>>> print(open('target-v1.cif').read())   # mmCIF, C-alpha atoms
data_data
#
loop_
_atom_site.label_atom_id
_atom_site.label_comp_id
_atom_site.auth_asym_id
_atom_site.auth_seq_id
_atom_site.Cartn_x
_atom_site.Cartn_y
_atom_site.Cartn_z
CA MET Q 1 -18.52 -19.81 -17.96
CA LEU Q 2 -20.13 -21.40 -21.01
CA LYS Q 3 -23.56 -20.63 -19.56
CA LEU Q 4 -22.62 -16.97 -19.23
CA ILE Q 5 -21.30 -16.93 -22.80
CA ASN Q 6 -24.52 -18.50 -23.98
CA LYS Q 7 -26.55 -15.84 -22.19
CA ALA Q 8 -24.32 -13.08 -23.53
CA GLN Q 9 -24.75 -14.38 -27.06
CA LYS Q 10 -28.48 -13.91 -26.61
CA GLY Q 11 -27.89 -10.28 -25.74
CA ASN Q 12 -27.73 -10.49 -21.96
CA ASP Q 13 -25.48 -7.56 -21.06
CA ARG Q 14 -25.23 -8.51 -17.41
CA ALA Q 15 -23.88 -11.92 -18.28
CA PHE Q 16 -21.43 -10.34 -20.67
CA LEU Q 17 -20.29 -7.81 -18.08
CA GLU Q 18 -19.66 -10.60 -15.61
CA LEU Q 19 -17.61 -12.43 -18.22
CA PHE Q 20 -15.75 -9.36 -19.31
CA GLN Q 21 -14.85 -8.41 -15.79
CA HIS Q 22 -12.93 -11.66 -15.43
CA TYR Q 23 -10.51 -10.36 -18.03
CA GLU Q 24 -10.66 -6.58 -17.84
CA GLN Q 25 -7.52 -6.26 -15.73
CA GLU Q 26 -5.49 -8.42 -18.09
CA ILE Q 27 -6.84 -6.46 -21.04
CA TYR Q 28 -6.00 -3.18 -19.35
CA ARG Q 29 -2.45 -4.24 -18.57
CA MET Q 30 -1.84 -5.58 -22.06
CA ALA Q 31 -3.24 -2.39 -23.53
CA PHE Q 32 -1.00 -0.32 -21.29
CA VAL Q 33 2.07 -2.07 -22.68
CA TYR Q 34 1.04 -0.91 -26.16
CA VAL Q 35 -0.33 2.56 -25.53
CA LYS Q 36 1.89 3.48 -22.56
CA ASN Q 37 -0.59 5.58 -20.61
CA GLN Q 38 -3.63 5.12 -18.42
CA ASN Q 39 -6.16 7.12 -20.44
CA ASP Q 40 -5.48 5.35 -23.70
CA ALA Q 41 -5.42 1.95 -21.98
CA LEU Q 42 -8.83 2.68 -20.47
CA ASP Q 43 -10.08 3.66 -23.92
CA VAL Q 44 -8.85 0.31 -25.19
CA VAL Q 45 -10.78 -1.51 -22.46
CA GLN Q 46 -13.96 0.41 -23.23
CA GLU Q 47 -13.61 -0.13 -26.95
CA THR Q 48 -12.85 -3.81 -26.45
CA ALA Q 49 -15.98 -4.19 -24.31
CA TYR Q 50 -17.99 -2.40 -26.98
CA ARG Q 51 -16.69 -4.39 -29.93
CA SER Q 52 -16.75 -7.73 -28.20
CA PHE Q 53 -20.32 -7.42 -26.92
CA LYS Q 54 -21.50 -6.39 -30.37
CA ALA Q 55 -19.73 -9.35 -31.94
CA ILE Q 56 -20.23 -12.09 -29.37
CA LYS Q 57 -23.30 -13.48 -31.08
CA ASP Q 58 -21.00 -14.49 -33.92
CA LEU Q 59 -18.48 -16.27 -31.72
CA LYS Q 60 -18.57 -19.83 -32.99
CA GLU Q 61 -16.42 -21.52 -30.37
CA PRO Q 62 -17.24 -20.29 -26.88
CA LYS Q 63 -14.28 -22.20 -25.44
CA TYR Q 64 -12.01 -19.73 -27.23
CA PHE Q 65 -13.75 -16.75 -25.67
CA LYS Q 66 -10.66 -15.45 -23.89
CA THR Q 67 -8.41 -15.82 -26.92
CA TRP Q 68 -11.03 -14.07 -29.02
CA LEU Q 69 -11.31 -11.26 -26.48
CA ILE Q 70 -7.55 -10.77 -26.28
CA ARG Q 71 -7.35 -10.56 -30.05
CA ILE Q 72 -9.97 -7.82 -30.05
CA ALA Q 73 -8.05 -6.01 -27.32
CA ILE Q 74 -4.82 -6.14 -29.33
CA SER Q 75 -6.66 -4.90 -32.38
CA CYS Q 76 -8.17 -2.01 -30.39
CA SER Q 77 -4.75 -1.12 -28.98
CA LEU Q 78 -3.20 -1.00 -32.43
CA ASP Q 79 -6.14 1.00 -33.79
CA ILE Q 80 -5.75 3.60 -31.07
CA LEU Q 81 -2.04 3.84 -31.80
CA ARG Q 82 -2.72 4.24 -35.51
CA LYS Q 83 -5.31 6.91 -34.88
CA ARG Q 84 -2.91 8.83 -32.74
CA LYS Q 85 -0.10 8.33 -35.19
CA LYS Q 86 2.16 6.85 -32.65
CA VAL Q 87 3.00 3.78 -34.65
CA ILE Q 88 6.37 3.63 -36.25
CA PRO Q 89 6.10 1.19 -39.15
CA LEU Q 90 8.09 -1.92 -38.56
CA LYS Q 91 11.28 -2.04 -40.55
CA PRO Q 92 12.16 -5.66 -41.03
CA GLU Q 93 15.60 -6.40 -39.76
CA PHE Q 94 17.86 -9.22 -40.67
CA ASP Q 95 17.52 -11.93 -38.11
CA GLU Q 96 21.11 -11.92 -37.15
CA PHE Q 97 20.60 -14.17 -34.21
CA ILE Q 98 17.83 -16.69 -33.84
CA PRO Q 99 18.47 -18.95 -30.89
CA ALA Q 100 17.13 -22.45 -30.83
CA ALA Q 101 15.41 -21.86 -27.50
CA VAL Q 102 14.30 -18.96 -25.41
CA ASP Q 103 17.03 -17.58 -23.17
CA GLU Q 104 15.61 -18.08 -19.70
CA ASP Q 105 18.06 -15.76 -17.97
CA LEU Q 106 17.12 -13.01 -20.35
CA VAL Q 107 13.38 -13.46 -19.91
CA SER Q 108 13.67 -13.54 -16.15
CA ALA Q 109 15.51 -10.22 -16.14
CA ILE Q 110 13.21 -8.24 -18.43
CA SER Q 111 11.66 -5.16 -16.87
CA LEU Q 112 8.32 -3.55 -17.55
CA LYS Q 113 10.02 -0.46 -18.88
CA ASP Q 114 12.04 -2.52 -21.36
CA LEU Q 115 8.87 -4.16 -22.62
CA ILE Q 116 7.02 -0.90 -23.02
CA GLU Q 117 9.80 1.21 -24.43
CA GLY Q 118 12.02 -1.25 -26.22
CA LEU Q 119 9.73 -3.13 -28.55
CA GLN Q 120 7.64 -2.47 -31.60
CA GLU Q 121 3.99 -3.43 -31.62
CA GLU Q 122 4.38 -6.76 -33.40
CA GLU Q 123 7.06 -7.81 -30.99
CA LYS Q 124 4.95 -6.76 -28.03
CA SER Q 125 2.06 -8.82 -29.33
CA VAL Q 126 4.10 -11.99 -29.62
CA ILE Q 127 5.92 -11.53 -26.32
CA LEU Q 128 2.73 -10.66 -24.43
CA LEU Q 129 0.89 -13.62 -25.87
CA LYS Q 130 3.79 -15.96 -25.22
CA PHE Q 131 4.78 -14.91 -21.73
CA TYR Q 132 1.73 -13.11 -20.33
CA GLN Q 133 -1.02 -15.21 -21.86
CA GLY Q 134 0.98 -18.43 -22.03
CA LEU Q 135 0.11 -19.26 -25.62
CA THR Q 136 2.26 -21.47 -27.82
CA LEU Q 137 3.86 -20.06 -30.93
CA LYS Q 138 1.40 -22.04 -33.01
CA GLU Q 139 -1.53 -20.50 -31.12
CA ILE Q 140 0.02 -17.07 -31.48
CA SER Q 141 0.44 -17.50 -35.22
CA GLU Q 142 -3.19 -18.52 -35.51
CA MET Q 143 -4.40 -15.70 -33.34
CA LEU Q 144 -2.46 -13.03 -35.16
CA HIS Q 145 -2.98 -14.62 -38.58
CA ILE Q 146 0.72 -14.78 -39.29
CA PRO Q 147 2.84 -17.73 -40.39
CA LEU Q 148 4.45 -19.77 -37.64
CA GLY Q 149 7.90 -18.81 -38.93
CA THR Q 150 7.02 -15.13 -38.66
CA ALA Q 151 5.82 -15.60 -35.09
CA LYS Q 152 9.11 -17.27 -34.18
CA THR Q 153 11.18 -14.64 -35.93
CA THR Q 154 9.26 -11.83 -34.28
CA LEU Q 155 9.63 -13.42 -30.85
CA TYR Q 156 13.35 -13.87 -31.12
CA ARG Q 157 13.87 -10.46 -32.67
CA GLY Q 158 12.03 -8.93 -29.74
CA LEU Q 159 14.02 -10.91 -27.22
CA ASN Q 160 17.23 -9.98 -28.99
CA LYS Q 161 16.33 -6.31 -28.74
CA LEU Q 162 15.64 -6.70 -25.06
CA ARG Q 163 18.97 -8.42 -24.60
CA LYS Q 164 20.74 -5.51 -26.24
CA ILE Q 165 18.90 -3.01 -24.08
CA MET Q 166 19.91 -4.91 -20.97
CA GLU Q 167 23.52 -5.24 -22.10
CA GLY Q 168 23.52 -1.48 -22.64
CA ASP Q 169 22.09 -0.94 -19.19
CA GLU Q 170 24.77 -3.14 -17.65
CA ALA Q 171 27.53 -1.35 -19.56
CA ASN Q 172 26.21 2.00 -18.40
CA GLU Q 173 26.13 0.77 -14.84
CA GLN Q 174 29.79 -0.24 -15.07
CA MET D 1 10.73 -17.75 -16.41
CA SER D 2 7.58 -16.44 -17.98
CA ASN D 3 6.38 -15.60 -14.49
CA ASN D 4 8.82 -12.73 -14.42
CA ILE D 5 7.24 -11.07 -17.42
CA ARG D 6 3.86 -11.72 -15.90
CA GLN D 7 5.02 -10.23 -12.62
CA GLU D 8 6.40 -7.19 -14.38
CA ILE D 9 3.16 -6.61 -16.28
CA ASN D 10 1.14 -7.14 -13.14
CA LYS D 11 2.97 -4.17 -11.66
CA ILE D 12 0.84 -1.94 -13.87
CA GLU D 13 -1.64 -0.39 -11.48
CA ILE D 14 -5.32 -0.87 -12.11
CA PRO D 15 -7.24 2.42 -12.10
CA ALA D 16 -10.40 2.62 -10.01
CA GLU D 17 -12.55 3.44 -13.00
CA LEU D 18 -11.65 0.30 -14.95
CA SER D 19 -14.94 -1.51 -14.37
CA THR D 20 -16.91 1.62 -15.12
CA ARG D 21 -15.22 1.84 -18.50
CA SER D 22 -16.02 -1.80 -19.24
CA LYS D 23 -19.66 -1.09 -18.40
CA LYS D 24 -19.69 1.99 -20.61
CA GLY D 25 -18.44 0.00 -23.58
CA ILE D 26 -21.07 -2.66 -23.04
CA GLU D 27 -23.82 -0.08 -22.53
CA ARG D 28 -22.87 1.65 -25.75
CA ALA D 29 -23.02 -1.65 -27.63
CA LYS D 30 -26.35 -2.47 -26.03
CA ALA D 31 -27.79 0.92 -26.94
CA GLU D 32 -26.90 0.28 -30.58
CA MET D 33 -28.40 -3.18 -30.61
CA PRO D 34 -32.06 -3.80 -31.22
CA SER D 35 -32.24 -4.62 -27.54
CA ARG D 36 -34.61 -7.14 -26.18
CA SER D 37 -35.92 -4.51 -23.84
CA GLU D 38 -36.91 -2.19 -26.65
CA LYS D 39 -38.35 -4.99 -28.75
CA LYS D 40 -40.28 -6.18 -25.77
CA TRP D 41 -41.76 -2.87 -24.87
CA TYR D 42 -42.58 -2.24 -28.46
CA PHE D 43 -44.40 -5.50 -28.34
CA LEU D 44 -46.18 -4.48 -25.21
CA ALA D 45 -46.85 -0.91 -26.10
CA VAL D 46 -48.09 -1.25 -29.66
CA PRO D 47 -50.82 -3.73 -28.89
CA ALA D 48 -51.64 -1.52 -25.96
CA LEU D 49 -52.09 1.46 -28.21
CA ALA D 50 -54.09 -0.53 -30.69
CA ALA D 51 -56.28 -1.71 -27.90
CA ALA D 52 -56.63 1.82 -26.65
CA LEU D 53 -58.67 2.58 -29.73
CA LEU D 54 -61.13 0.10 -28.37
CA PHE D 55 -60.70 1.41 -24.87
CA ALA D 56 -63.00 0.55 -22.11
CA ILE D 57 -64.11 3.49 -20.03
CA ALA D 58 -64.54 2.17 -16.59
CA GLY D 59 -66.24 5.35 -15.53
CA PRO D 60 -64.94 8.22 -13.46
CA ASP D 61 -62.72 7.43 -10.53
CA PRO D 62 -63.47 8.96 -7.12
CA PHE D 63 -61.64 12.13 -8.17
CA GLY D 64 -63.67 12.62 -11.34
CA TYR D 65 -61.13 11.38 -13.86
CA ASP D 66 -62.30 9.14 -16.67
CA VAL D 67 -60.51 5.84 -16.34
CA ILE D 68 -59.39 4.04 -19.44
CA THR D 69 -58.03 0.55 -19.14
CA ILE D 70 -56.06 -0.95 -21.95
CA GLN D 71 -55.01 -4.49 -22.54
CA THR D 72 -51.61 -5.71 -23.62
CA SER D 73 -50.45 -8.94 -25.10
CA HIS D 74 -47.18 -10.61 -24.26
CA ALA D 75 -44.70 -12.75 -26.09
CA PHE D 76 -44.63 -15.21 -23.22
CA ASP D 77 -46.68 -16.15 -20.21
CA VAL D 78 -45.91 -13.34 -17.75
CA SER D 79 -47.74 -15.17 -15.00
CA ASP D 80 -44.95 -17.76 -15.06
CA SER D 81 -42.52 -16.33 -12.52
CA LYS D 82 -39.53 -18.29 -13.88
CA LYS D 83 -40.07 -16.89 -17.35
CA LEU D 84 -40.79 -13.44 -16.05
CA VAL D 85 -37.65 -13.36 -13.92
CA GLY D 86 -35.63 -14.79 -16.81
CA TRP D 87 -36.81 -11.94 -18.98
CA ALA D 88 -36.26 -9.22 -16.37
CA ASP D 89 -33.04 -7.32 -15.72
CA ASP D 90 -33.88 -6.67 -12.10
CA VAL D 91 -36.13 -8.07 -9.41
CA PHE D 92 -36.07 -6.09 -6.20
CA ILE D 93 -37.95 -4.74 -3.22
CA GLY D 94 -38.26 -1.00 -2.96
CA LYS D 95 -40.26 1.79 -1.37
CA VAL D 96 -41.88 4.45 -3.52
CA ILE D 97 -40.52 7.80 -2.42
CA LYS D 98 -42.04 10.21 -4.88
CA ASN D 99 -44.04 10.50 -8.08
CA GLU D 100 -41.63 12.22 -10.47
CA GLY D 101 -44.19 12.96 -13.18
CA THR D 102 -45.41 11.59 -16.47
CA ARG D 103 -43.96 11.23 -19.94
CA ASP D 104 -45.56 10.25 -23.23
CA ASP D 105 -42.59 10.41 -25.59
CA ASP D 106 -43.31 6.97 -27.00
CA GLY D 107 -47.01 7.60 -27.63
CA MET D 108 -48.00 6.00 -24.38
CA VAL D 109 -48.42 7.82 -21.12
CA GLU D 110 -46.01 6.57 -18.48
CA THR D 111 -45.45 7.65 -14.91
CA GLN D 112 -42.10 7.68 -13.22
CA PHE D 113 -41.41 7.19 -9.56
CA LYS D 114 -38.35 7.56 -7.40
CA VAL D 115 -37.93 4.29 -5.52
CA LYS D 116 -35.54 3.45 -2.71
CA VAL D 117 -34.17 -0.05 -3.21
CA SER D 118 -34.03 -2.14 -0.06
CA HIS D 119 -33.42 -5.69 -1.29
CA ASN D 120 -32.15 -7.19 -4.54
CA ILE D 121 -33.29 -10.59 -5.73
CA LYS D 122 -31.91 -10.32 -9.25
CA GLY D 123 -29.49 -7.58 -10.23
CA ASP D 124 -27.59 -5.25 -7.97
CA LEU D 125 -29.41 -1.96 -7.76
CA GLY D 126 -28.70 0.37 -4.90
CA GLY D 127 -29.94 3.65 -3.47
CA ASP D 128 -32.68 5.47 -5.34
CA VAL D 129 -33.73 4.43 -8.83
CA ILE D 130 -36.38 5.62 -11.25
CA VAL D 131 -39.16 3.13 -11.88
CA ASN D 132 -41.22 3.68 -14.99
CA GLN D 133 -44.83 2.47 -15.04
CA GLN D 134 -46.98 2.36 -18.14
CA GLY D 135 -50.13 4.36 -17.54
CA GLY D 136 -50.86 7.62 -15.76
CA TYR D 137 -52.85 10.80 -15.88
CA THR D 138 -53.28 12.66 -19.12
CA GLY D 139 -55.69 15.59 -19.16
CA ASN D 140 -58.88 14.45 -17.45
CA THR D 141 -58.14 10.81 -18.07
CA LEU D 142 -56.39 8.18 -16.04
CA VAL D 143 -54.91 5.48 -18.27
CA LEU D 144 -54.32 2.14 -16.60
CA VAL D 145 -52.62 -0.78 -18.30
CA GLU D 146 -54.46 -3.98 -17.53
CA ASN D 147 -56.02 -2.07 -14.68
CA ASP D 148 -52.62 -1.96 -12.98
CA GLN D 149 -53.09 0.75 -10.34
CA LEU D 150 -50.47 3.47 -10.21
CA LEU D 151 -47.79 3.07 -7.59
CA LYS D 152 -48.42 4.84 -4.33
CA GLU D 153 -45.91 6.96 -2.50
CA GLY D 154 -44.84 5.42 0.80
CA GLU D 155 -45.74 1.87 -0.18
CA GLN D 156 -43.32 -1.03 -0.63
CA TYR D 157 -43.47 -3.23 -3.71
CA LEU D 158 -41.69 -6.13 -5.28
CA PHE D 159 -40.63 -4.84 -8.69
CA ILE D 160 -39.83 -6.84 -11.80
CA THR D 161 -38.26 -4.54 -14.36
CA ARG D 162 -36.20 -4.07 -17.48
CA HIS D 163 -33.53 -1.42 -17.55
CA ASN D 164 -33.80 1.31 -20.16
CA THR D 165 -30.18 2.26 -20.76
CA LYS D 166 -30.98 5.42 -22.69
CA GLY D 167 -33.17 6.90 -19.99
CA ASP D 168 -31.55 5.00 -17.11
CA TRP D 169 -34.87 3.97 -15.66
CA HIS D 170 -36.49 0.65 -14.86
CA THR D 171 -39.77 -0.14 -16.55
CA LEU D 172 -41.99 -2.52 -14.65
CA VAL D 173 -44.20 -5.22 -16.04
CA PRO D 174 -47.87 -4.29 -15.53
CA VAL D 175 -49.62 -6.22 -12.77
CA TYR D 176 -46.99 -8.96 -12.38
CA GLY D 177 -44.08 -6.58 -11.94
CA ASP D 178 -45.38 -4.36 -9.13
CA ILE D 179 -46.65 -6.44 -6.27
CA LEU D 180 -47.79 -4.39 -3.29
CA ILE D 181 -46.21 -5.68 -0.08
CA GLU D 182 -48.73 -5.96 2.70
CA ASN D 183 -46.47 -6.77 5.64
CA ASP D 184 -43.11 -8.32 6.57
CA GLN D 185 -44.45 -11.84 6.36
CA HIS D 186 -45.72 -11.16 2.85
CA LYS D 187 -42.38 -9.62 1.94
CA ASP D 188 -40.46 -12.68 3.15
CA ALA D 189 -42.76 -14.97 1.20
CA LEU D 190 -42.28 -12.93 -1.97
CA ILE D 191 -38.51 -12.88 -1.56
CA ALA D 192 -38.47 -16.66 -1.14
CA LYS D 193 -40.74 -17.18 -4.14
CA TYR D 194 -38.79 -14.97 -6.50
CA ARG D 195 -35.42 -16.14 -5.29
CA ASP D 196 -36.50 -19.65 -6.25
CA ALA D 197 -37.77 -18.36 -9.57
CA TYR D 198 -34.41 -16.69 -10.20
CA GLU D 199 -32.58 -19.91 -9.44
CA GLN D 200 -34.73 -21.67 -12.00
CA GLU D 201 -35.19 -18.76 -14.37
CA ILE D 202 -36.05 -19.48 -17.97
CA PRO D 203 -34.19 -17.02 -20.21
CA PHE D 204 -36.32 -15.26 -22.77
CA GLU D 205 -35.48 -16.54 -26.28
#
>>> encode(input="target-v1.cif", output="structure tokens")
Amino acid sequence: MLKLINKAQKGNDRAFLELFQHYEQEIYRMAFVYVKNQNDALDVVQETAYRSFKAIKDLKEPKYFKTWLIRIAISCSLDILRKRKKVIPLKPEFDEFIPAAVDEDLVSAISLKDLIEGLQEEEKSVILLKFYQGLTLKEISEMLHIPLGTAKTTLYRGLNKLRKIMEGDEANEQ
Amino acid sequence: MSNNIRQEINKIEIPAELSTRSKKGIERAKAEMPSRSEKKWYFLAVPALAAALLFAIAGPDPFGYDVITIQTSHAFDVSDSKKLVGWADDVFIGKVIKNEGTRDDDGMVETQFKVKVSHNIKGDLGGDVIVNQQGGYTGNTLVLVENDQLLKEGEQYLFITRHNTKGDWHTLVPVYGDILIENDQHKDALIAKYRDAYEQEIPFE
């Protein structure tokens, strides 16, 4: 992997394509959660490939290649949403409930639809990075350039929203 | 627990064109970069043009054309197969199907050929590709680069090329990048030689 990164940093597009293709499916799926449709998610993948290949020569720490790539993909997703005016600015809410630990029952019951429809972009970022990419909150805060406290708050706010959605679903079912 | 979120996200279907879109993004970035390919051919072509001013007329060929041979200089030793393969995008065996004509958009006459790829050593070309060779006929003159004879229709060659993304063709290296295959034994020997070279390739810095 490091050899491929090294080649890509010297401008070898084939090496970069090989690298990129390791992650393109993950990038596509993450993008889909943000942009909610196939065409836009494909645009995100193409734009991520474009931006990352142009910038890879400046990547200082090849071991963080994937993290770096995912950050570009998130940035591309948010840019596409901004361009298409689909972003609703986040209105900070009072953190009425911040649990000490993640509610495992809740997380295990979350559906794709809830993730896509129920969360704002910041919350999607933290939840995707935490549960899809397996990053720690500290890594997430570094990746998104936000304070650790903000990462925690955003995570729990997102989970709380999902809980409410699911409680509503259950009530409707009854 | 996190596996559930992962499982949910993995339900998102992957469209067939995903890889194509990745390639497009990379190709666009490459086209905007001062690509090695362009720098290289600039390096090859400009000295070639300069040398053309001091051309050597080798005399008329059997068909009455004046033959001009021009010399190029290279940034590395192209006779070193490991370096040459390291620099190339593709190394492959192919049969020349048809001469597609000449172009001189870059101030240097070039001839393009349709080639049917039969075996890849480096890269993954398939079907018919366009191979671009520096040199060709212009007016009553045949220009040859380093006396590299023009490809012949119906013949098989080992090609060592760089991909031109803008034109989507594959420009060969004069002399060392178009080796005429004499027979199957020769072909096998070339494949073995260049497969080894690929395994030990020296990337162009």
>>> resolve_selection(input="target-v1.cif", expression="the PyMOL selection byres ((chain D) within 6 of (chain Q))", output="PyMOL selection string")
chain D and resi 1-2+4+6+8+21-22+25-26+29
>>> residues_near_point(input="target-v1.cif", point="(7.5, -9.8, -26.9)", cutoff="10 Å", atoms="only C-alpha atoms", output="MDAnalysis selection string")
(chainID Q and resid 107 115:116 118:132 154:162) or (chainID D and resid 5)
>>> resolve_selection(input="target-v1.cif", expression="the PyMOL selection byres ((chain D and resi 201) around 7)", output="number ranges by chain")
D: 82-83, 85-86, 197-200, 202-203
>>> closest_residue(input="target-v1.cif", among="Q:Ile74, Q:Leu69, Q:Leu59, Q:Leu135", to="His22 in chain Q", atoms="only C-alpha atoms")
Q:Leu69
>>> residues_around(input="target-v1.cif", residues="Ser118 in chain D", least_positions_apart="2", cutoff="12 Å", atoms="only C-alpha atoms", output="list in words")
Val91, Phe92, Ile93, Gly94, Lys95, Val96, Val115, Lys116, Asn120, Ile121, Asp124, Leu125, Gly126, Gly127, Asp128, Val129, Gln156, Tyr157, Leu158, Phe159, Lys187 and Ile191 of chain D
>>> write_last_selection(input="target-v1.cif", atoms="C-alpha atoms", output="CSV table (one decimal), in the coordinates of the input")
chain,number,residue,atom,x,y,z
D,91,VAL,CA,-36.1,-8.1,-9.4
D,92,PHE,CA,-36.1,-6.1,-6.2
D,93,ILE,CA,-38.0,-4.7,-3.2
D,94,GLY,CA,-38.3,-1.0,-3.0
D,95,LYS,CA,-40.3,1.8,-1.4
D,96,VAL,CA,-41.9,4.4,-3.5
D,115,VAL,CA,-37.9,4.3,-5.5
D,116,LYS,CA,-35.5,3.4,-2.7
D,120,ASN,CA,-32.2,-7.2,-4.5
D,121,ILE,CA,-33.3,-10.6,-5.7
D,124,ASP,CA,-27.6,-5.2,-8.0
D,125,LEU,CA,-29.4,-2.0,-7.8
D,126,GLY,CA,-28.7,0.4,-4.9
D,127,GLY,CA,-29.9,3.6,-3.5
D,128,ASP,CA,-32.7,5.5,-5.3
D,129,VAL,CA,-33.7,4.4,-8.8
D,156,GLN,CA,-43.3,-1.0,-0.6
D,157,TYR,CA,-43.5,-3.2,-3.7
D,158,LEU,CA,-41.7,-6.1,-5.3
D,159,PHE,CA,-40.6,-4.8,-8.7
D,187,LYS,CA,-42.4,-9.6,1.9
D,191,ILE,CA,-38.5,-12.9,-1.6
>>> resolve_selection(input="target-v1.cif", expression="the PyMOL selection byres ((chain D and resi 142) around 8)", output="ChimeraX atom specification")
/D:65-68,135-138,140-141,143-144
>>> atom_distance(input="target-v1.cif", atom1="CA of Asp105 in chain D", atom2="CA of Gly139 in chain D")
15.5 Å
>>> closest_residue(input="target-v1.cif", among="D:Gln133, D:Thr69, D:Ser19, D:Thr111", to="Leu19 in chain Q", atoms="only C-alpha atoms")
D:Ser19
>>> atom_distance(input="target-v1.cif", atom1="CA of His74 in chain D", atom2="CA of Lys122 in chain D")
21.4 Å
>>> decode(input="target-v1.cif", residues="range 95-114 of chain D", atoms="N, CA and C atoms", output="CSV table (one decimal), in the first residue's frame")
chain,number,residue,atom,x,y,z
D,95,LYS,N,-1.0,-6.6,-32.7
D,95,LYS,CA,-0.9,-6.7,-34.2
D,95,LYS,C,-1.4,-5.4,-34.8
D,96,VAL,N,-0.6,-4.9,-35.8
D,96,VAL,CA,-1.0,-3.6,-36.4
D,96,VAL,C,-2.1,-4.0,-37.5
D,97,ILE,N,-3.3,-3.4,-37.3
D,97,ILE,CA,-4.4,-3.6,-38.1
D,97,ILE,C,-4.4,-2.7,-39.3
D,98,LYS,N,-4.2,-1.4,-39.0
D,98,LYS,CA,-4.4,-0.4,-40.1
D,98,LYS,C,-3.7,0.9,-39.8
D,99,ASN,N,-3.1,1.5,-40.8
D,99,ASN,CA,-2.6,2.8,-40.7
D,99,ASN,C,-3.7,3.8,-40.7
D,100,GLU,N,-3.9,4.6,-39.6
D,100,GLU,CA,-5.1,5.5,-39.5
D,100,GLU,C,-4.8,6.9,-40.0
D,101,GLY,N,-3.5,7.1,-40.4
D,101,GLY,CA,-3.2,8.5,-40.9
D,101,GLY,C,-2.2,9.2,-40.1
D,102,THR,N,-1.8,10.4,-40.5
D,102,THR,CA,-0.8,11.2,-39.8
D,102,THR,C,-1.4,12.4,-39.2
D,103,ARG,N,-0.7,13.0,-38.2
D,103,ARG,CA,-1.0,14.2,-37.6
D,103,ARG,C,0.3,15.0,-37.3
D,104,ASP,N,0.2,16.3,-37.3
D,104,ASP,CA,1.4,17.1,-37.0
D,104,ASP,C,1.0,18.3,-36.1
D,105,ASP,N,0.0,18.1,-35.3
D,105,ASP,CA,-0.5,19.1,-34.4
D,105,ASP,C,0.5,19.7,-33.5
D,106,ASP,N,1.5,18.9,-33.1
D,106,ASP,CA,2.5,19.4,-32.1
D,106,ASP,C,3.8,19.7,-32.8
D,107,GLY,N,3.7,20.0,-34.1
D,107,GLY,CA,4.9,20.4,-34.9
D,107,GLY,C,5.8,19.3,-35.2
D,108,MET,N,5.3,18.1,-35.1
D,108,MET,CA,6.1,16.9,-35.4
D,108,MET,C,5.2,15.9,-36.0
D,109,VAL,N,5.6,15.4,-37.2
D,109,VAL,CA,4.7,14.5,-37.9
D,109,VAL,C,4.7,13.2,-37.1
D,110,GLU,N,3.4,12.7,-36.9
D,110,GLU,CA,3.3,11.4,-36.2
D,110,GLU,C,2.3,10.6,-37.0
D,111,THR,N,2.4,9.3,-36.9
D,111,THR,CA,1.5,8.4,-37.6
D,111,THR,C,0.8,7.5,-36.6
D,112,GLN,N,-0.5,7.3,-36.9
D,112,GLN,CA,-1.3,6.6,-35.9
D,112,GLN,C,-1.8,5.3,-36.5
D,113,PHE,N,-1.8,4.3,-35.7
D,113,PHE,CA,-2.1,2.9,-36.2
D,113,PHE,C,-3.1,2.3,-35.3
D,114,LYS,N,-4.1,1.6,-35.9
D,114,LYS,CA,-5.0,0.8,-35.0
D,114,LYS,C,-4.3,-0.5,-34.8
